[in-house]
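Structure file coords26.tsv; described as TSV, C-alpha atoms and all ligand atoms.
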```
chain	number	residue	atom	x	y	z
A	124	MET	CA	-24.33	-49.86	35.05
A	125	GLY	CA	-25.49	-52.74	37.22
A	126	LYS	CA	-29.15	-53.31	37.93
A	127	VAL	CA	-30.13	-53.24	41.59
A	128	CYS	CA	-33.49	-54.22	43.04
A	129	CYS	CA	-34.90	-51.44	45.20
A	130	PHE	CA	-37.55	-53.61	46.85
A	131	GLY	CA	-37.50	-53.79	50.65
A	132	THR	CA	-34.33	-55.52	51.80
A	133	CYS	CA	-33.84	-57.50	48.58
A	134	ASN	CA	-30.19	-57.85	47.60
A	135	SER	CA	-30.62	-58.73	43.92
A	136	ASP	CA	-27.79	-56.93	42.16
A	137	SER	CA	-26.66	-57.76	38.64
A	138	ARG	CA	-23.05	-57.05	39.58
A	139	TYR	CA	-23.13	-60.23	41.68
A	140	PRO	CA	-24.11	-62.99	39.25
A	141	GLU	CA	-24.54	-65.53	42.07
A	142	ARG	CA	-27.40	-63.43	43.49
A	143	VAL	CA	-29.35	-63.06	40.30
A	144	SER	CA	-29.44	-66.43	38.59
A	145	GLY	CA	-32.89	-66.72	37.06
A	146	VAL	CA	-33.81	-63.23	38.24
A	147	SER	CA	-35.04	-60.55	35.83
A	148	PHE	CA	-35.25	-56.82	36.50
A	149	TYR	CA	-38.29	-54.71	35.69
A	150	PRO	CA	-37.95	-50.92	35.43
A	151	PHE	CA	-40.15	-48.78	37.65
A	152	PRO	CA	-43.15	-47.11	36.01
A	153	LYS	CA	-42.06	-43.54	35.28
A	154	PRO	CA	-43.71	-40.81	37.37
A	155	LYS	CA	-44.02	-38.68	34.24
A	156	THR	CA	-46.18	-41.15	32.35
A	157	ARG	CA	-47.54	-43.57	34.98
A	158	MET	CA	-47.65	-41.74	38.29
A	159	ASP	CA	-50.34	-44.02	39.79
A	160	ALA	CA	-48.46	-47.22	39.10
A	161	CYS	CA	-45.21	-45.61	40.21
A	162	MET	CA	-46.67	-44.70	43.59
A	163	ARG	CA	-48.15	-48.18	44.05
A	164	TRP	CA	-44.73	-49.71	43.38
A	165	ILE	CA	-43.09	-47.31	45.82
A	166	LYS	CA	-45.59	-48.32	48.49
A	167	ALA	CA	-45.17	-51.99	47.74
A	168	CYS	CA	-41.40	-51.68	48.12
A	169	GLY	CA	-41.97	-50.63	51.71
A	170	ARG	CA	-38.82	-48.53	51.97
A	171	PRO	CA	-38.64	-45.38	54.12
A	172	HIS	CA	-39.96	-42.36	52.28
A	173	SER	CA	-36.57	-40.64	52.44
A	174	GLN	CA	-34.96	-43.55	50.59
A	175	LEU	CA	-37.58	-44.21	47.97
A	176	ASN	CA	-40.04	-41.67	46.62
A	177	VAL	CA	-41.06	-40.35	43.22
A	178	THR	CA	-38.09	-38.01	43.07
A	179	LYS	CA	-35.72	-40.99	43.31
A	180	ILE	CA	-37.21	-42.88	40.37
A	181	THR	CA	-34.92	-42.90	37.33
A	182	LYS	CA	-34.55	-45.15	34.32
A	183	ASP	CA	-32.19	-47.23	36.46
A	184	THR	CA	-34.67	-47.99	39.23
A	185	TYR	CA	-35.70	-51.63	39.13
A	186	VAL	CA	-37.70	-54.24	41.00
A	187	CYS	CA	-36.62	-57.83	40.45
A	188	SER	CA	-38.83	-60.72	39.42
A	189	LYS	CA	-38.84	-62.20	42.94
A	190	HIS	CA	-41.50	-59.75	44.08
A	191	PHE	CA	-44.15	-60.29	41.46
A	192	LYS	CA	-46.86	-62.85	42.07
A	193	ASP	CA	-46.52	-64.06	38.48
A	194	GLY	CA	-42.74	-63.61	38.40
A	195	ARG	CA	-43.17	-60.50	36.28
A	196	PRO	CA	-45.69	-57.64	35.98
A	197	THR	CA	-48.85	-59.09	34.46
A	198	THR	CA	-52.22	-57.58	33.68
A	199	ARG	CA	-53.69	-59.32	36.72
A	200	PHE	CA	-50.81	-58.52	39.10
A	201	PRO	CA	-49.06	-55.51	37.55
A	202	ASP	CA	-47.47	-54.41	40.84
A	203	PRO	CA	-44.94	-56.02	43.18
A	204	GLN	CA	-46.35	-57.85	46.21
A	205	PRO	CA	-46.25	-55.54	49.25
A	206	ALA	CA	-43.02	-55.90	51.22
A	207	ASP	CA	-44.90	-56.03	54.51
A	208	GLY	CA	-46.09	-59.52	53.61
A	209	THR	CA	-49.71	-58.66	52.94
A	210	ASP	CA	-51.11	-60.33	49.88
A	211	ALA	CA	-51.66	-58.05	46.93
A	212	ALA	CA	-55.20	-58.21	45.71
A	213	PRO	CA	-55.58	-58.67	41.97
A	214	VAL	CA	-56.43	-55.63	39.86
A	215	ARG	CA	-59.99	-54.25	40.30
A	216	THR	CA	-59.61	-53.36	43.99
A	217	PRO	CA	-56.61	-51.08	43.67
A	218	MET	CA	-57.63	-48.78	46.53
A	219	LYS	CA	-57.47	-51.34	49.33
A	220	ARG	CA	-54.23	-52.86	48.13
A	221	HIS	CA	-52.50	-49.59	47.85
A	222	VAL	CA	-53.25	-48.05	51.17
A	223	GLN	CA	-52.70	-51.14	53.26
A	224	GLN	CA	-48.99	-50.98	53.79
A	225	ASN	CA	-48.59	-47.35	54.29
A	226	GLU	CA	-45.97	-46.48	56.88
A	227	CYS	CA	-47.36	-43.04	57.49
A	228	ASN	CA	-48.25	-42.31	61.08
A	229	LYS	CA	-48.63	-38.59	60.84
A	230	LYS	CA	-51.88	-37.24	62.24
A	231	PRO	CA	-54.32	-36.87	59.40
A	232	ARG	CA	-55.10	-33.23	58.76
A	233	LEU	CA	-57.42	-32.73	55.86
A	234	THR	CA	-60.89	-34.21	55.90
A	235	PRO	CA	-62.47	-34.63	59.31
A	236	PRO	CA	-63.32	-38.25	60.10
A	237	ILE	CA	-66.87	-39.42	59.54
A	238	GLN	CA	-68.52	-38.99	62.91
A	239	GLU	CA	-70.76	-41.70	64.22
A	240	SER	CA	-73.35	-39.03	64.98
A	241	GLN	CA	-73.37	-38.16	61.28
A	242	LEU	CA	-74.14	-41.74	60.45
A	243	GLN	CA	-76.80	-42.34	63.06
A	244	GLY	CA	-79.48	-41.22	60.66
A	245	THR	CA	-78.63	-44.08	58.31
A	246	PRO	CA	-81.60	-46.45	57.94
A	247	THR	CA	-80.89	-49.70	59.71
A	248	GLU	CA	-83.17	-52.05	57.77
A	249	GLY	CA	-84.19	-54.14	60.75
A	250	SER	CA	-81.03	-55.38	62.43
A	251	SER	CA	-78.45	-52.89	63.69
A	252	SER	CA	-75.33	-54.97	63.07
A	253	PRO	CA	-75.11	-54.52	59.27
A	254	SER	CA	-75.21	-50.75	59.74
A	255	LEU	CA	-72.57	-50.96	62.47
A	256	ARG	CA	-70.41	-52.99	60.15
A	257	SER	CA	-70.87	-50.50	57.38
A	258	ILE	CA	-70.00	-47.67	59.78
A	259	GLN	CA	-66.83	-49.49	60.72
A	260	ARG	CA	-66.06	-50.15	57.10
A	261	LEU	CA	-66.61	-46.50	56.21
A	262	LYS	CA	-64.46	-45.41	59.13
A	263	LYS	CA	-61.66	-47.69	58.02
A	264	GLU	CA	-62.00	-46.50	54.45
A	265	ASN	CA	-61.95	-42.93	55.67
A	266	LYS	CA	-58.78	-43.59	57.65
A	267	ASP	CA	-57.17	-45.23	54.63
A	268	LEU	CA	-58.13	-42.31	52.44
A	269	LYS	CA	-56.69	-39.87	54.92
A	270	ARG	CA	-53.43	-41.74	55.02
A	271	GLU	CA	-53.33	-41.82	51.27
A	272	ASN	CA	-54.07	-38.14	51.21
A	273	ASP	CA	-51.16	-37.45	53.57
A	274	ASP	CA	-48.88	-39.53	51.41
A	275	LEU	CA	-50.00	-37.69	48.33
A	276	LYS	CA	-49.40	-34.39	50.07
A	277	ARG	CA	-45.89	-35.45	50.91
A	278	GLU	CA	-45.29	-36.54	47.31
A	279	LYS	CA	-46.64	-33.20	46.18
A	280	GLU	CA	-44.25	-31.36	48.48
A	281	ASP	CA	-41.40	-33.42	47.09
A	282	LEU	CA	-42.42	-32.66	43.56
A	283	ASN	CA	-42.78	-28.99	44.38
A	284	SER	CA	-39.28	-28.84	45.78
A	285	THR	CA	-37.92	-30.72	42.77
A	286	CYS	CA	-39.75	-28.25	40.57
A	287	GLU	CA	-38.24	-25.34	42.49
A	288	ASP	CA	-34.77	-26.87	42.13
A	289	LEU	CA	-35.25	-27.29	38.42
A	290	ARG	CA	-36.45	-23.73	38.08
A	291	ARG	CA	-33.38	-22.49	39.90
A	292	LYS	CA	-31.13	-24.66	37.75
A	293	ASN	CA	-32.86	-23.30	34.67
A	294	GLU	CA	-32.19	-19.73	35.83
A	295	ASP	CA	-28.54	-20.60	36.43
A	296	LEU	CA	-28.23	-22.14	32.99
A	297	LYS	CA	-29.86	-19.12	31.39
A	298	ARG	CA	-27.37	-16.84	33.14
A	299	GLU	CA	-24.50	-19.08	32.09
A	300	CYS	CA	-25.81	-19.04	28.53
A	301	ALA	CA	-25.94	-15.24	28.51
A	302	ASP	CA	-22.37	-15.10	29.87
A	303	LEU	CA	-21.18	-17.48	27.19
A	304	SER	CA	-22.81	-15.55	24.40
A	305	ARG	CA	-21.22	-12.34	25.71
A	306	GLU	CA	-17.88	-14.11	25.79
A	307	ASN	CA	-18.50	-15.33	22.27
A	308	GLU	CA	-19.16	-11.78	21.06
A	309	GLU	CA	-15.95	-10.60	22.65
A	310	LEU	CA	-13.95	-13.43	21.10
A	311	LYS	CA	-15.42	-12.59	17.70
A	312	LYS	CA	-14.37	-8.94	18.10
A	313	HIS	CA	-10.92	-10.04	19.18
A	314	ALA	CA	-10.63	-12.39	16.20
A	315	LEU	CA	-11.54	-9.51	13.87
A	316	VAL	CA	-8.77	-7.32	15.33
A	317	VAL	CA	-6.23	-10.13	14.94
A	318	PHE	CA	-7.37	-10.70	11.38
A	319	ARG	CA	-6.91	-7.00	10.56
A	320	HIS	CA	-3.40	-7.10	12.01
A	321	VAL	CA	-2.53	-10.12	9.93
A	322	LEU	CA	-3.84	-8.34	6.84
A	323	THR	CA	-1.70	-5.26	7.58
A	324	VAL	CA	1.43	-7.36	8.09
A	325	GLN	CA	0.73	-9.24	4.89
A	326	ARG	CA	0.27	-6.01	2.92
A	327	PHE	CA	3.48	-4.58	4.38
A	328	PHE	CA	5.36	-7.74	3.47
A	329	THR	CA	4.08	-7.74	-0.12
A	330	THR	CA	5.06	-4.07	-0.56
A	331	TRP	CA	8.49	-4.76	0.90
A	332	MET	CA	9.03	-7.67	-1.51
A	333	LEU	CA	8.06	-5.43	-4.44
A	334	VAL	CA	10.52	-2.76	-3.33
A	335	CYS	CA	13.25	-5.38	-2.94
A	336	LYS	CA	12.57	-6.73	-6.42
A	337	MET	CA	12.54	-3.24	-7.90
A	338	PHE	CA	15.98	-2.40	-6.52
A	339	GLY	CA	17.32	-5.82	-7.26
A	340	TRP	CA	18.05	-6.51	-3.62
A	341	ILE	CA	16.82	-10.01	-3.93
A	342	GLN	CA	16.75	-12.57	-6.70
A	343	LEU	CA	13.46	-14.36	-7.25
B	1	ZN	ZN	-35.69	-57.96	44.47
```
Could you take the file, read its structure, and then write that structure out as structure tokens?
Ligand SMILES: [Zn+2]
Amino acid sequence: MGKVCCFGTCNSDSRYPERVSGVSFYPFPKPKTRMDACMRWIKACGRPHSQLNVTKITKDTYVCSKHFKDGRPTTRFPDPQPADGTDAAPVRTPMKRHVQQNECNKKPRLTPPIQESQLQGTPTEGSSSPSLRSIQRLKKENKDLKRENDDLKREKEDLNSTCEDLRRKNEDLKRECADLSRENEELKKHALVVFRHVLTVQRFFTTWMLVCKMFGWIQL
């Protein structure tokens, strides 16, 4: 199977050698073992949620070397650069990097935003501008967190529906298994009947041969 890069609008595809000279493919982190990294990669790829989400990640999902700052996942830049052109910050400030290019514009639902009135009691330490800046920073952080929360909720819904599907499939398989074992039992019974018939015929034949020999009807 050919390797295809699932990043943004990248057309790296190992089935077209002219597109991938000097390009390597790196498999997506698996949701099972590295959910955090997997979600960061999904976000970096910048594709619509319906096209790329945790349920679409398989062993054949790749990002090509073109999208890594170091040309490959490194300890400092383990994730692809965001497809929206923002510069990925090196590891240590994962939060900021990973909420930046979120395409979610649903109204946040969960935590209410930090109200300015709630923050008015904050000591100002002389000048008022540092506190204003920190309010703005907190507000921005709050907004980012809410977006992330919405994204996570959506991922959770996806996972839930996948889970439900799997459960249903499991039920189906169990039923199929029961049917097959019933069929197996029936076949066994049938085989036994056939075997008995064969035995009867064989016995009859042997007796008949004996009779024939006795009366000299046949020469052996
Ligand atoms: Zn690519």
- Item | For range 130-132 of chain A: contacts at 6 Å, only C-alpha atoms, fewer than 5 positions along chain excluded, given as a list in words |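 Result of the neighbour search: Cys168, Gly169, Arg170, Val186 and Ala206 of chain A.
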- Around ligand ZN 1 (chain B), at most 6 Å away and counting only C-alpha atoms and all ligand atoms, which residues are there? Put them as a list in words, please. Cys128, Phe130, Cys133, Ser135, Val186, Cys187 and Lys189 of chain A
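In this structure, CA of Thr197 in chain A sits 13.6 Å away from CA of Trp164 in chain A.
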- If you measure from CA of Ser304 in chain A to CA of Arg290 in chain A, what distance in Å do you get, rounded to one decimal?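 Computing it gives 21.0 Å between the two atoms.
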- Message: If we count all atoms listed in the file and set the cut-off at 10 Å, which residues sit around Pro201 in chain A, ignoring sequence neighbours fewer than 6 positions away in its own chain? Please answer as a list in words.
- Response: Ala160, Arg163, Trp164, Phe191, Lys192, Asp193, Arg195, Pro213 and Val214 of chain A
- Quick one: distance from CA of Asp267 in chain A to CA of His172 in chain A in Å, one decimal?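 Taking CA of Asp267 in chain A as the start and CA of His172 in chain A as the end point, the length is 17.6 Å.
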